[in-house]
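Visitor: Before I ask anything, let me first share the structure, which is written out below as structure tokens.
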Amino acid sequence: MNNLSKIIILSGVIVYSSSLFAEEFDRGQALYENHCQFCHESWVHSRPKSKINSLSELQRRVSGWSIHTGLNWSREEILDVTDYLSRNFYHLTDQP
Ligand code: HEC
């Protein structure tokens, strides 16, 4: 194998593994943007009268919406979206 093909293979591995990482990292965001965002822009999560005051409450809401919309997310998907919303809007710190 010459050096050029080694370089091509190596860079392919790097691109592949970084895209795996990106997918894992953004899964909650991707799920939310695809299935939830069309109904409420981010204002709903930062309105003054938000009903969410704990991570467990947020997780209950996300789970409820996943059922309401017929998506029936797995526990991992619910946790990912809860985590995404908490990181970006609610900044909650208790344990779900
Ligand atoms: C049919 C439209 C619709 C869809 C689809 C929808 N929502 Fe909502 N959502 C609303 C409305 C309207 C409210 C505000 C009413 C309320 O307080 O119950 C809300 C409120 C919320 C809240 C509480 C906001 C707060 O801080 O008080 C959360 C969390 C939430 N939605 C998450 C989700 C998630 C996650 C999904 C995707 C699975 C989703 N929603 C899909 C309409 C929708």
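A note on labels: chains of the structure tokens are A, B, ... as shown, every chain counts residues from 1, and ligands are counted from 1 in their shown order.
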Give the residue list for ligand 1 at 8 Å, counting only C-alpha atoms and all ligand atoms, as a PyMOL selection string, sorted by chain and then by residue number.

Guide: chain A and resi 31-32+35-40+44-47+49-52+58-59+61-69+71+78+81-82+85+90

Visitor: Between atom CA of Ser56 of chain A and atom CA of Arg75 of chain A, what distance in Å does the model show, to one decimal?

Guide: 13.1 Å

Visitor: Just to confirm, what's the straight-line distance from atom CA of Leu92 of chain A to atom CA of Leu55 of chain A in Å (one decimal)?

Guide: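 Interatomic distance here is 5.8 Å.
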
Visitor: What gap, in Å, lies between atom CA of Asp83 of chain A and atom CA of Ser54 of chain A?

Guide: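 Between these atoms lies a distance of 11.9 Å.
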
Visitor: Just list the residues in segment 32-72 of chain A DSSP gives alpha helix (DSSP H) on the backbone, as number ranges by chain.

Guide: A: 32-35, 43-46, 55-68

Visitor: Go ahead and write the residues just picked, C-alpha atoms, as a compact mmCIF listing (two decimals), in the first residue's frame.

Guide:
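Resulting contents of selection_14.txt:
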```txt
# COMPACT_ATOMS: atom_id res chain seq x y z
CA TYR A 32 -36.57 18.03 19.22
CA GLU A 33 -36.03 20.04 16.04
CA ASN A 34 -37.61 17.35 13.87
CA HIS A 35 -40.63 16.49 15.98
CA TRP A 43 -40.27 30.94 23.56
CA VAL A 44 -42.42 28.29 25.19
CA HIS A 45 -39.43 27.13 27.21
CA SER A 46 -38.39 30.58 28.40
CA LEU A 55 -35.58 17.98 35.76
CA SER A 56 -38.06 15.29 36.74
CA GLU A 57 -40.94 17.61 35.78
CA LEU A 58 -39.26 18.38 32.45
CA GLN A 59 -38.71 14.69 31.80
CA ARG A 60 -42.38 14.01 32.57
CA ARG A 61 -43.41 16.71 30.08
CA VAL A 62 -41.10 15.43 27.35
CA SER A 63 -42.37 11.92 27.92
CA GLY A 64 -45.97 13.18 27.81
CA TRP A 65 -45.40 15.03 24.55
CA SER A 66 -43.73 12.00 23.01
CA ILE A 67 -46.91 10.02 23.73
CA HIS A 68 -49.21 12.88 22.73
```
